[in-house]
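For reference, input29.txt is printed below; it contains compact mmCIF, C-alpha atoms.
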# COMPACT_ATOMS: atom_id res chain seq x y z
CA MET A 1 0.03 -15.83 20.92
CA LYS A 2 -3.14 -15.23 22.95
CA ALA A 3 -2.45 -11.50 22.93
CA LYS A 4 -2.17 -11.51 19.13
CA ILE A 5 -5.45 -13.41 18.77
CA PHE A 6 -7.10 -10.98 21.17
CA LEU A 7 -5.87 -7.96 19.17
CA VAL A 8 -6.99 -9.48 15.88
CA ALA A 9 -10.43 -10.25 17.36
CA ILE A 10 -10.78 -6.65 18.55
CA ALA A 11 -9.73 -5.34 15.11
CA VAL A 12 -12.27 -7.57 13.34
CA ALA A 13 -15.00 -6.52 15.77
CA VAL A 14 -14.25 -2.85 15.09
CA LEU A 15 -14.33 -3.46 11.34
CA VAL A 16 -17.69 -5.22 11.61
CA ALA A 17 -19.14 -2.37 13.68
CA LEU A 18 -17.65 0.37 11.49
CA PRO A 19 -20.79 1.12 9.38
CA TRP A 20 -22.57 2.19 12.59
CA LEU A 21 -19.63 4.28 13.78
CA VAL A 22 -18.70 6.44 10.77
CA SER A 23 -20.38 8.51 8.08
CA THR A 24 -21.01 7.34 4.52
CA PRO A 25 -17.98 9.17 3.03
CA LEU A 26 -15.70 7.61 5.64
CA LEU A 27 -17.25 4.21 4.94
CA ASN A 28 -16.40 4.68 1.27
CA ALA A 29 -12.85 5.46 2.33
CA ALA A 30 -12.86 2.31 4.49
CA VAL A 31 -13.73 0.21 1.43
CA GLN A 32 -10.74 1.66 -0.41
CA MET A 33 -8.55 1.03 2.62
CA LEU A 34 -9.60 -2.63 2.73
CA ILE A 35 -8.85 -3.07 -0.98
CA ALA A 36 -5.45 -1.39 -0.56
CA ALA A 37 -4.74 -3.65 2.42
CA LEU A 38 -5.48 -6.82 0.42
CA PHE A 39 -3.42 -5.60 -2.55
CA ALA A 40 -0.49 -4.90 -0.24
CA MET A 41 -0.82 -8.35 1.35
CA ALA A 42 -0.79 -9.96 -2.10
CA PHE A 43 2.36 -8.03 -3.00
CA SER A 44 3.97 -8.88 0.34
CA PHE A 45 3.55 -12.61 -0.23
CA LEU A 46 5.85 -12.23 -3.23
CA CYS A 47 8.22 -9.56 -1.90
CA GLY A 48 8.24 -9.99 1.87
CA ARG A 49 7.99 -13.77 2.06
CA ALA A 50 9.71 -14.86 -1.17
CA GLY A 51 12.08 -11.90 -1.51
CA MET A 52 11.08 -11.05 -5.09
CA LEU A 53 10.52 -7.32 -5.62
CA SER A 54 7.93 -6.67 -8.32
CA PHE A 55 7.54 -3.25 -9.88
CA GLY A 56 4.57 -4.27 -12.03
CA HIS A 57 1.89 -5.68 -9.73
CA ALA A 58 -0.65 -3.20 -11.10
CA ALA A 59 -0.96 -5.50 -14.11
CA TYR A 60 -2.63 -8.26 -12.10
CA PHE A 61 -4.71 -5.82 -10.08
CA GLY A 62 -5.86 -4.33 -13.38
CA ILE A 63 -6.70 -7.55 -15.21
CA GLY A 64 -8.66 -8.68 -12.16
CA ALA A 65 -10.60 -5.41 -12.25
CA PHE A 66 -11.43 -5.70 -15.96
CA ALA A 67 -12.28 -9.38 -15.70
CA ALA A 68 -14.79 -8.59 -12.95
CA VAL A 69 -16.43 -5.86 -15.03
CA HIS A 70 -16.76 -8.16 -18.03
CA ALA A 71 -18.19 -10.85 -15.74
CA MET A 72 -20.71 -8.32 -14.39
CA ASN A 73 -21.79 -7.49 -17.96
CA ALA A 74 -21.99 -11.12 -19.10
CA PHE A 75 -25.31 -12.59 -20.27
CA GLY A 76 -26.87 -9.22 -20.97
CA GLY A 77 -25.97 -7.78 -17.57
CA ALA A 78 -27.20 -10.77 -15.58
CA GLY A 79 -23.63 -11.57 -14.62
CA LEU A 80 -21.39 -14.57 -15.07
CA LEU A 81 -21.61 -15.30 -11.33
CA PRO A 82 -23.68 -13.90 -8.45
CA THR A 83 -22.27 -10.59 -7.28
CA PRO A 84 -20.70 -11.97 -4.07
CA LEU A 85 -18.73 -14.52 -6.10
CA LEU A 86 -17.43 -12.18 -8.80
CA PRO A 87 -14.04 -11.77 -7.09
CA LEU A 88 -13.42 -15.40 -8.08
CA VAL A 89 -13.20 -14.18 -11.68
CA GLY A 90 -10.50 -11.71 -10.64
CA ALA A 91 -8.69 -14.49 -8.81
CA GLY A 92 -8.76 -16.75 -11.85
CA THR A 93 -7.52 -14.14 -14.32
CA GLY A 94 -4.89 -12.94 -11.86
CA LEU A 95 -3.66 -16.50 -11.40
CA LEU A 96 -3.50 -17.09 -15.15
CA GLY A 97 -1.74 -13.79 -15.79
CA GLY A 98 0.66 -14.50 -12.95
CA LEU A 99 1.54 -17.93 -14.34
CA ILE A 100 2.29 -16.49 -17.78
CA ALA A 101 4.20 -13.42 -16.63
CA GLY A 102 5.87 -15.26 -13.76
CA TYR A 103 7.22 -17.94 -16.06
CA PHE A 104 9.30 -15.34 -17.89
CA ALA A 105 10.04 -12.95 -15.02
CA THR A 106 11.34 -15.62 -12.63
CA LYS A 107 13.96 -16.80 -15.08
CA ARG A 108 16.01 -13.96 -13.63
CA THR A 109 16.48 -12.72 -10.07
CA GLY A 110 17.23 -9.47 -8.30
CA VAL A 111 17.11 -6.25 -10.24
CA TYR A 112 16.62 -8.10 -13.53
CA PHE A 113 13.47 -9.74 -12.17
CA ALA A 114 12.18 -6.34 -11.02
CA MET A 115 12.83 -4.78 -14.43
CA ILE A 116 11.06 -7.62 -16.25
CA THR A 117 7.96 -7.22 -14.07
CA LEU A 118 8.00 -3.48 -14.75
CA ALA A 119 8.40 -4.02 -18.49
CA LEU A 120 5.53 -6.51 -18.66
CA ALA A 121 3.23 -4.19 -16.74
CA GLU A 122 4.15 -1.20 -18.92
CA LEU A 123 3.61 -3.28 -22.04
CA LEU A 124 0.08 -4.11 -20.89
CA HIS A 125 -0.56 -0.47 -19.99
CA ALA A 126 0.64 0.66 -23.43
CA LEU A 127 -1.56 -1.87 -25.23
CA ALA A 128 -4.70 -1.23 -23.16
CA PRO A 129 -5.86 2.00 -24.92
CA HIS A 130 -5.69 0.23 -28.28
CA LEU A 131 -7.61 -2.89 -27.22
CA LYS A 132 -10.93 -1.10 -26.88
CA GLY A 133 -12.98 -4.27 -26.92
CA THR A 134 -11.20 -5.50 -23.81
CA PHE A 135 -10.28 -2.33 -21.96
CA GLY A 136 -12.86 0.15 -23.28
CA GLY A 137 -10.43 2.81 -24.46
CA GLU A 138 -10.19 6.08 -22.56
CA ALA A 139 -13.75 5.79 -21.24
CA GLY A 140 -13.15 2.37 -19.74
CA ILE A 141 -15.97 -0.08 -19.06
CA SER A 142 -18.85 0.41 -16.66
CA SER A 143 -21.37 -1.98 -15.18
CA PHE A 144 -23.87 -2.43 -12.35
CA ARG A 145 -23.95 -4.66 -9.32
CA MET A 146 -26.87 -7.05 -9.58
CA PRO A 147 -28.95 -8.18 -6.59
CA ALA A 148 -28.10 -11.62 -5.28
CA TRP A 149 -28.70 -13.81 -2.25
CA GLY A 150 -31.30 -11.41 -0.89
CA PHE A 151 -29.04 -8.35 -1.05
CA THR A 152 -29.37 -5.45 -3.49
CA PHE A 153 -25.74 -4.28 -3.16
CA GLY A 154 -27.04 -0.81 -3.81
CA SER A 155 -25.82 0.68 -0.54
CA VAL A 156 -22.32 1.46 0.65
CA THR A 157 -22.88 -0.68 3.74
CA GLU A 158 -23.58 -3.84 1.72
CA VAL A 159 -20.56 -3.20 -0.50
CA TYR A 160 -18.45 -2.65 2.62
CA PHE A 161 -19.46 -5.95 4.18
CA LEU A 162 -18.87 -7.79 0.88
CA THR A 163 -15.41 -6.26 0.63
CA LEU A 164 -14.66 -6.96 4.29
CA ALA A 165 -15.68 -10.62 3.93
CA TRP A 166 -13.41 -11.14 0.94
CA VAL A 167 -10.48 -9.28 2.46
CA LEU A 168 -10.67 -11.23 5.72
CA LEU A 169 -11.01 -14.50 3.80
CA CYS A 170 -8.00 -13.74 1.59
CA ILE A 171 -5.83 -12.60 4.48
CA GLY A 172 -6.76 -15.76 6.35
CA LEU A 173 -5.84 -17.86 3.33
CA LEU A 174 -2.50 -16.07 3.02
CA TRP A 175 -1.78 -16.77 6.68
CA LEU A 176 -2.64 -20.46 6.25
CA LEU A 177 -0.58 -20.56 3.07
CA GLY A 178 2.42 -19.40 5.07
CA LEU A 179 2.11 -22.56 7.19
CA THR A 180 2.12 -24.91 4.20
CA PRO A 181 5.21 -26.39 2.51
CA LEU A 182 4.77 -23.81 -0.26
CA GLY A 183 4.94 -20.98 2.27
CA ARG A 184 8.04 -22.47 3.89
CA LEU A 185 9.71 -22.93 0.53
CA ALA A 186 8.88 -19.32 -0.35
CA LEU A 187 10.92 -18.29 2.69
CA GLY A 188 13.70 -20.51 1.37
CA LEU A 189 13.61 -18.58 -1.91
CA ARG A 190 14.16 -15.38 0.02
CA GLU A 191 16.93 -16.70 2.24
CA ASN A 192 18.91 -18.98 -0.08
CA GLY A 193 17.55 -20.02 -3.45
CA HIS A 194 20.81 -21.73 -4.39
CA ARG A 195 20.50 -24.09 -1.44
CA LEU A 196 16.97 -25.02 -2.50
CA ARG A 197 18.29 -25.86 -5.95
CA PHE A 198 21.08 -27.92 -4.38
CA LEU A 199 18.46 -29.84 -2.37
CA GLY A 200 16.71 -30.82 -5.58
CA TYR A 201 13.83 -28.35 -5.79
CA ASN A 202 12.80 -26.82 -9.12
CA VAL A 203 13.41 -23.21 -8.13
CA HIS A 204 12.00 -21.76 -11.34
CA ALA A 205 8.72 -23.67 -11.02
CA LEU A 206 8.49 -22.75 -7.34
CA SER A 207 9.13 -19.05 -8.05
CA THR A 208 6.53 -19.09 -10.81
CA LEU A 209 3.94 -20.62 -8.50
CA VAL A 210 4.62 -18.09 -5.75
CA PHE A 211 4.37 -15.28 -8.30
CA ALA A 212 1.07 -16.65 -9.59
CA VAL A 213 -0.43 -16.95 -6.10
CA SER A 214 0.53 -13.36 -5.37
CA ALA A 215 -1.02 -12.24 -8.67
CA MET A 216 -4.18 -14.22 -7.86
CA PHE A 217 -4.80 -12.29 -4.66
CA ALA A 218 -3.95 -9.04 -6.44
CA GLY A 219 -6.66 -9.97 -8.97
CA VAL A 220 -9.16 -10.39 -6.14
CA ALA A 221 -8.29 -6.88 -4.94
CA GLY A 222 -8.81 -5.55 -8.46
CA ALA A 223 -12.18 -7.28 -8.74
CA LEU A 224 -13.28 -5.75 -5.44
CA GLN A 225 -12.27 -2.35 -6.80
CA SER A 226 -14.52 -2.86 -9.83
CA LEU A 227 -17.39 -4.00 -7.63
CA ASN A 228 -16.96 -0.90 -5.52
CA ILE A 229 -16.92 1.72 -8.27
CA GLU A 230 -18.86 -0.35 -10.87
CA ALA A 231 -16.31 0.49 -13.55
CA ALA A 232 -12.77 -0.15 -14.69
CA ASN A 233 -10.40 2.10 -16.59
CA TYR A 234 -6.90 1.40 -17.88
CA VAL A 235 -5.67 3.92 -15.30
CA VAL A 236 -5.53 0.97 -12.88
CA LEU A 237 -2.68 -0.39 -15.02
CA GLU A 238 -0.52 2.71 -14.61
CA ALA A 239 2.87 2.62 -12.93
CA HIS A 240 1.75 4.71 -9.97
CA VAL A 241 -0.52 1.85 -8.86
CA SER A 242 2.49 -0.48 -8.72
CA THR A 243 4.51 2.21 -7.00
CA SER A 244 1.85 2.81 -4.37
CA VAL A 245 1.65 -0.83 -3.32
CA VAL A 246 5.44 -1.00 -3.00
CA LEU A 247 5.59 2.15 -0.86
CA ASN A 248 2.61 1.16 1.29
CA SER A 249 3.97 -2.32 1.95
CA PHE A 250 7.42 -1.12 2.94
CA ILE A 251 6.02 1.67 5.11
CA GLY A 252 4.00 -0.92 7.01
CA GLY A 253 6.77 -3.53 7.01
CA VAL A 254 7.00 -6.40 4.53
CA ARG A 255 8.61 -8.79 7.02
CA VAL A 256 5.61 -8.64 9.38
CA PHE A 257 2.49 -10.52 8.29
CA LEU A 258 -0.08 -7.72 8.75
CA GLY A 259 2.44 -4.92 8.25
CA PRO A 260 1.62 -4.35 4.54
CA ALA A 261 -2.12 -4.41 5.23
CA ILE A 262 -1.78 -1.78 7.95
CA GLY A 263 0.56 0.28 5.78
CA GLY A 264 -1.79 0.11 2.79
CA ALA A 265 -4.83 1.06 4.85
CA ALA A 266 -3.01 3.85 6.70
CA MET A 267 -1.56 5.46 3.60
CA THR A 268 -4.88 5.23 1.76
CA PHE A 269 -6.55 7.02 4.67
CA PHE A 270 -3.70 9.54 4.68
CA GLY A 271 -4.37 10.26 1.01
CA TYR A 272 -8.10 10.56 1.66
CA ILE A 273 -7.52 13.12 4.42
CA THR A 274 -4.78 15.19 2.79
CA ALA A 275 -6.03 15.24 -0.81
CA ASP A 276 -8.56 17.95 0.07
CA LEU A 277 -6.09 19.90 2.18
CA THR A 278 -3.13 20.28 -0.15
CA ARG A 279 -2.22 19.87 -3.79
CA VAL A 280 1.08 18.18 -3.01
CA TRP A 281 -0.17 15.30 -0.88
CA LEU A 282 1.70 12.80 -3.08
CA LEU A 283 4.92 14.57 -2.16
CA TYR A 284 4.15 13.96 1.51
CA GLN A 285 3.71 10.25 0.83
CA GLY A 286 7.14 10.17 -0.76
CA ILE A 287 8.67 12.04 2.17
CA ILE A 288 7.08 9.62 4.64
CA PHE A 289 8.55 6.70 2.72
CA VAL A 290 12.02 8.23 2.71
CA LEU A 291 11.89 8.96 6.45
CA VAL A 292 10.62 5.47 7.28
CA MET A 293 13.32 3.81 5.19
CA MET A 294 16.01 6.01 6.74
CA PHE A 295 15.03 5.76 10.40
CA LEU A 296 12.59 2.81 10.62
CA PRO A 297 13.85 0.40 7.96
CA ARG A 298 11.71 -2.48 9.26
CA GLY A 299 8.57 -0.40 8.67
CA LEU A 300 6.22 1.12 11.19
CA VAL A 301 4.60 -2.16 12.21
CA GLY A 302 7.90 -4.02 12.02
CA GLU A 303 9.51 -1.61 14.45
CA LEU A 304 6.62 -1.86 16.90
CA VAL A 305 6.62 -5.64 16.81
CA GLU A 306 10.38 -5.76 17.27
CA ARG A 307 10.32 -3.43 20.25
CA PHE A 308 7.38 -4.88 22.13
CA SER A 309 7.68 -8.59 21.38
CA GLY A 310 11.06 -9.10 23.00
CA GLY A 311 13.06 -8.87 19.79
CA GLU A 312 15.10 -6.11 21.38
CA ARG A 313 16.15 -6.99 24.91
CA ARG A 314 15.58 -3.66 26.59
CA SER A 315 13.53 -2.58 29.55
CA GLY A 316 10.08 -1.16 28.99
CA GLY A 317 11.19 2.23 30.30
CA THR A 318 14.11 2.40 27.89
CA ALA A 319 11.96 1.37 24.94
CA LEU A 320 9.34 3.95 25.93
CA LEU A 321 11.99 6.67 26.22
CA ASP A 322 13.44 5.87 22.81
CA GLY A 323 9.95 5.82 21.36
CA GLY A 324 9.31 9.24 22.85
CA TRP A 325 12.49 10.65 21.31
CA ARG A 326 11.56 9.19 17.93
CA LEU A 327 8.03 10.55 18.16
CA ALA A 328 9.32 14.01 19.08
CA GLY A 329 11.82 13.86 16.22
CA PHE A 330 9.14 12.86 13.73
CA ALA A 331 6.81 15.61 14.97
CA MET A 332 9.46 18.33 14.67
CA ALA A 333 10.72 17.13 11.29
CA ALA A 334 7.14 16.85 10.01
CA ALA A 335 6.26 20.37 11.18
CA GLY A 336 9.31 21.88 9.51
CA CYS A 337 8.82 19.89 6.32
CA VAL A 338 5.11 20.70 6.01
CA PHE A 339 5.78 24.40 6.55
CA LEU A 340 8.52 24.50 3.90
CA VAL A 341 6.54 22.49 1.34
CA GLU A 342 3.31 24.45 1.76
CA PHE A 343 5.08 27.80 1.83
CA LEU A 344 7.08 27.02 -1.31
CA GLN A 345 3.96 25.69 -3.05
CA ARG A 346 2.20 28.98 -2.44
CA PHE A 347 5.28 31.10 -3.10
CA LEU A 348 5.96 29.47 -6.48
CA SER A 349 2.32 29.35 -7.58
CA THR A 350 1.24 31.32 -10.64
CA GLY A 351 -1.38 33.22 -8.64
CA TYR A 352 1.14 34.52 -6.12
CA ARG A 353 3.68 35.52 -8.76
CA ALA A 354 0.96 37.52 -10.51
CA THR A 355 0.48 39.60 -7.34
CA ALA A 356 4.21 40.15 -6.77
CA THR A 357 5.66 43.15 -8.54
CA GLY A 358 9.32 44.14 -8.44
CA GLU A 359 10.55 43.95 -4.88
CA ASN A 360 7.02 43.86 -3.47
CA TRP A 361 6.44 40.35 -2.10
CA PRO A 362 3.10 40.22 -0.26
CA PRO A 363 2.99 38.11 2.92
CA ILE A 364 1.67 34.56 2.60
CA GLU A 365 -0.98 33.30 5.02
CA LEU A 366 -0.07 29.91 6.46
CA MET A 367 -1.11 28.16 9.68
CA GLY A 368 -3.06 31.23 10.80
CA PHE A 369 -0.17 33.68 10.43
CA ASP A 370 1.19 35.95 7.72
CA TRP A 371 4.76 35.14 6.69
CA SER A 372 6.91 37.49 4.64
CA PRO A 373 9.05 35.74 1.98
CA GLY A 374 11.79 38.30 2.61
CA SER A 375 12.06 37.66 6.34
CA PRO A 376 14.89 35.35 7.48
CA LEU A 377 12.64 34.00 10.24
CA THR A 378 10.26 32.60 7.62
CA TRP A 379 12.98 30.29 6.34
CA LEU A 380 15.07 29.71 9.47
CA LEU A 381 12.21 28.50 11.69
CA PRO A 382 11.10 25.54 9.56
CA ALA A 383 14.69 24.70 8.64
CA ALA A 384 15.62 24.61 12.34
CA LEU A 385 12.61 22.40 13.15
CA LEU A 386 13.49 20.01 10.33
CA ALA A 387 17.16 19.82 11.30
CA ALA A 388 16.36 19.32 15.00
CA GLY A 389 13.85 16.61 14.22
CA LEU A 390 16.26 14.70 11.99
CA TRP A 391 18.97 15.03 14.64
CA LEU A 392 16.67 13.57 17.30
CA LEU A 393 15.77 10.66 15.04
CA GLY A 394 19.40 9.95 14.26
CA ALA A 395 20.39 10.19 17.93
CA ALA A 396 17.60 7.80 18.94
CA ASN A 397 18.75 5.29 16.31
CA LYS A 398 22.37 5.50 17.49
CA ARG A 399 21.30 5.08 21.10
CA ALA A 400 19.22 2.00 20.28
CA ALA A 401 22.07 0.48 18.24
CA ALA A 402 24.56 1.09 21.03
CA GLN A 403 22.30 -0.53 23.61
CA GLN A 404 21.77 -3.55 21.37
CA GLU A 405 25.53 -3.98 20.98
CA ALA A 406 25.98 -3.71 24.75
CA LEU A 407 23.34 -6.38 25.37
CA ALA A 408 24.58 -8.71 22.65

Render the structure in this file as structure tokens.
Amino acid sequence: MKAKIFLVAIAVAVLVALPWLVSTPLLNAAVQMLIAALFAMAFSFLCGRAGMLSFGHAAYFGIGAFAAVHAMNAFGGAGLLPTPLLPLVGAGTGLLGGLIAGYFATKRTGVYFAMITLALAELLHALAPHLKGTFGGEAGISSFRMPAWGFTFGSVTEVYFLTLAWVLLCIGLLWLLGLTPLGRLALGLRENGHRLRFLGYNVHALSTLVFAVSAMFAGVAGALQSLNIEAANYVVLEAHVSTSVVLNSFIGGVRVFLGPAIGGAAMTFFGYITADLTRVWLLYQGIIFVLVMMFLPRGLVGELVERFSGGERRSGGTALLDGGWRLAGFAMAAAGCVFLVEFLQRFLSTGYRATATGENWPPIELMGFDWSPGSPLTWLLPAALLAAGLWLLGAANKRAAAQQEALA
């Protein structure tokens, strides 16, 4: 427990010192990472703790974002609340939207629940362009952050600290909520909802409340997004926003408290880095998700916690060896996959096909070398790296499973 507190204290100290450690563009990226982390934590309270998989959480992120913009524009631009308190508007609208949508969605469970959440979110996304007074049409709605409490909120640093304060507060509240009877009952929903009903609990009301709390924190994340970019567009209601929070949370690990936050922040930073390097960076995110679900089903953070907290009764040397094999497998598979994806992207591009005539296929420059599309080595090398990497990952998983069975 002391080690966990120490690690959290170090992480918070680094976050507080970050504006003096990184450049302005990276600080902007850090703001987006914090917002993604909070959104993932809000989703995880519903999915990881209560076991209800939502495919439409962008709806509550979006209504929180639009509510914050309208609050910023209220009273002739003076604002409904001081700028530091505007996320409360997102929380309120997210809570209200979660109560309404949750009442209907939680009447069903499993895949039916997931489909209802998706349908409700898509319905809102379809209506948004037509409700121009509320959502601003294709142009969206813009606003300005107003000075308050002695701060101008005109610099990235001030926006970063405002976002950091709200994210830390919300994550702290989610942790405390997990210790309350509501948090314990949410775990009961995940493990055995029928038993809760047998014990006399109103499972539908409980599920609705958990859904609404999750939507409330998603609304806070949406409001912080509006404060950051000083605008909101109905793009925030699109399905890819819901998809991203699902992928990020599972990559981090929904069964570990801070797993979704770390996954959301890491994948947001990954997108920030790779978006300028390749046109197919979204494909890489999908590949990472597939590999994590295949070989690290507990998520990146979940696997680390399980291996180093005594969840797997193995010696440190054995755990380190298995970790090394996994890391080598990931590195080899990643190298082969990146080569194939980037080579095919260039090979199939319109510009390259315009230069190729008949049987003349010019070499393609990649990773500092020229590679001929007609050479078998061009295709065999990455394929061999990918196959070897996947084999190493599979072998490491089988070895770990065998050792667990032997120790059981």

Practice problem: Using CA of Ala212 (chain A) and CA of Gly133 (chain A) as the two end points, give the distance in Å to one decimal. | Solution: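 These two atoms are separated by 25.5 Å.
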
Mind checking which residues fall within 12 Å of Arg190 (chain A), counting all atoms listed in the file, ignoring those fewer than 4 positions away in the same chain, and posting them as a PDB file with C-alpha atoms, keeping the file's coordinate frame?
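What follows is the written file part.pdb:
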ATOM      1  CA  PHE A  45       3.550 -12.610  -0.230  1.00  0.00           C
ATOM      2  CA  LEU A  46       5.850 -12.230  -3.230  1.00  0.00           C
ATOM      3  CA  CYS A  47       8.220  -9.560  -1.900  1.00  0.00           C
ATOM      4  CA  GLY A  48       8.240  -9.990   1.870  1.00  0.00           C
ATOM      5  CA  ARG A  49       7.990 -13.770   2.060  1.00  0.00           C
ATOM      6  CA  ALA A  50       9.710 -14.860  -1.170  1.00  0.00           C
ATOM      7  CA  GLY A  51      12.080 -11.900  -1.510  1.00  0.00           C
ATOM      8  CA  MET A  52      11.080 -11.050  -5.090  1.00  0.00           C
ATOM      9  CA  LEU A  53      10.520  -7.320  -5.620  1.00  0.00           C
ATOM     10  CA  THR A 109      16.480 -12.720 -10.070  1.00  0.00           C
ATOM     11  CA  GLY A 110      17.230  -9.470  -8.300  1.00  0.00           C
ATOM     12  CA  GLY A 183       4.940 -20.980   2.270  1.00  0.00           C
ATOM     13  CA  ARG A 184       8.040 -22.470   3.890  1.00  0.00           C
ATOM     14  CA  LEU A 185       9.710 -22.930   0.530  1.00  0.00           C
ATOM     15  CA  ALA A 186       8.880 -19.320  -0.350  1.00  0.00           C
ATOM     16  CA  HIS A 194      20.810 -21.730  -4.390  1.00  0.00           C
ATOM     17  CA  ARG A 195      20.500 -24.090  -1.440  1.00  0.00           C
ATOM     18  CA  LEU A 196      16.970 -25.020  -2.500  1.00  0.00           C
ATOM     19  CA  VAL A 203      13.410 -23.210  -8.130  1.00  0.00           C
ATOM     20  CA  LEU A 206       8.490 -22.750  -7.340  1.00  0.00           C
ATOM     21  CA  SER A 207       9.130 -19.050  -8.050  1.00  0.00           C
ATOM     22  CA  VAL A 210       4.620 -18.090  -5.750  1.00  0.00           C
ATOM     23  CA  ARG A 255       8.610  -8.790   7.020  1.00  0.00           C
TER      24      ARG A 255
END

Exercise. May I ask which of the residues A:Phe43, A:Leu291, A:Gly154, A:Leu296 is the closest one to Asn248 (chain A), counting only C-alpha atoms?
Key: A:Phe43

Exercise. Select all residues near (4.7, -5.5, 10.4) (cut-off 10 Å, inclusive, file coordinates), counting all atoms listed in the file, and output them as a ChimeraX atom specification.
Key: /A:249-263,298-306

Quiz item: Which polymer residues have any atom within 12 Å of an atom of region 85-89 of chain A, counting all atoms listed in the file, with same-chain residues fewer than 2 positions away left out, as a PyMOL selection string?
Solution: chain A and resi 35+61+63-74+78-83+91-96+145-146+148-149+162-163+165-167+169-170+216-228

Self-check item: CA of Ser244 (chain A) to CA of Leu38 (chain A), straight-line distance in Å
Solution: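 Between CA of Leu38 (chain A) and CA of Ser244 (chain A) the gap works out to 13.0 Å.
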
Quiz item: Of the residues A:Gly102, A:Gly137, A:Gly178, A:Pro25, which is the one nearest to Ile273 (chain A), using all atoms listed in the file?
Solution: A:Pro25

Self-check item: One-decimal distance in Å that lies between CA of Leu120 (chain A) and CA of Gly271 (chain A)
Solution: 27.7 Å
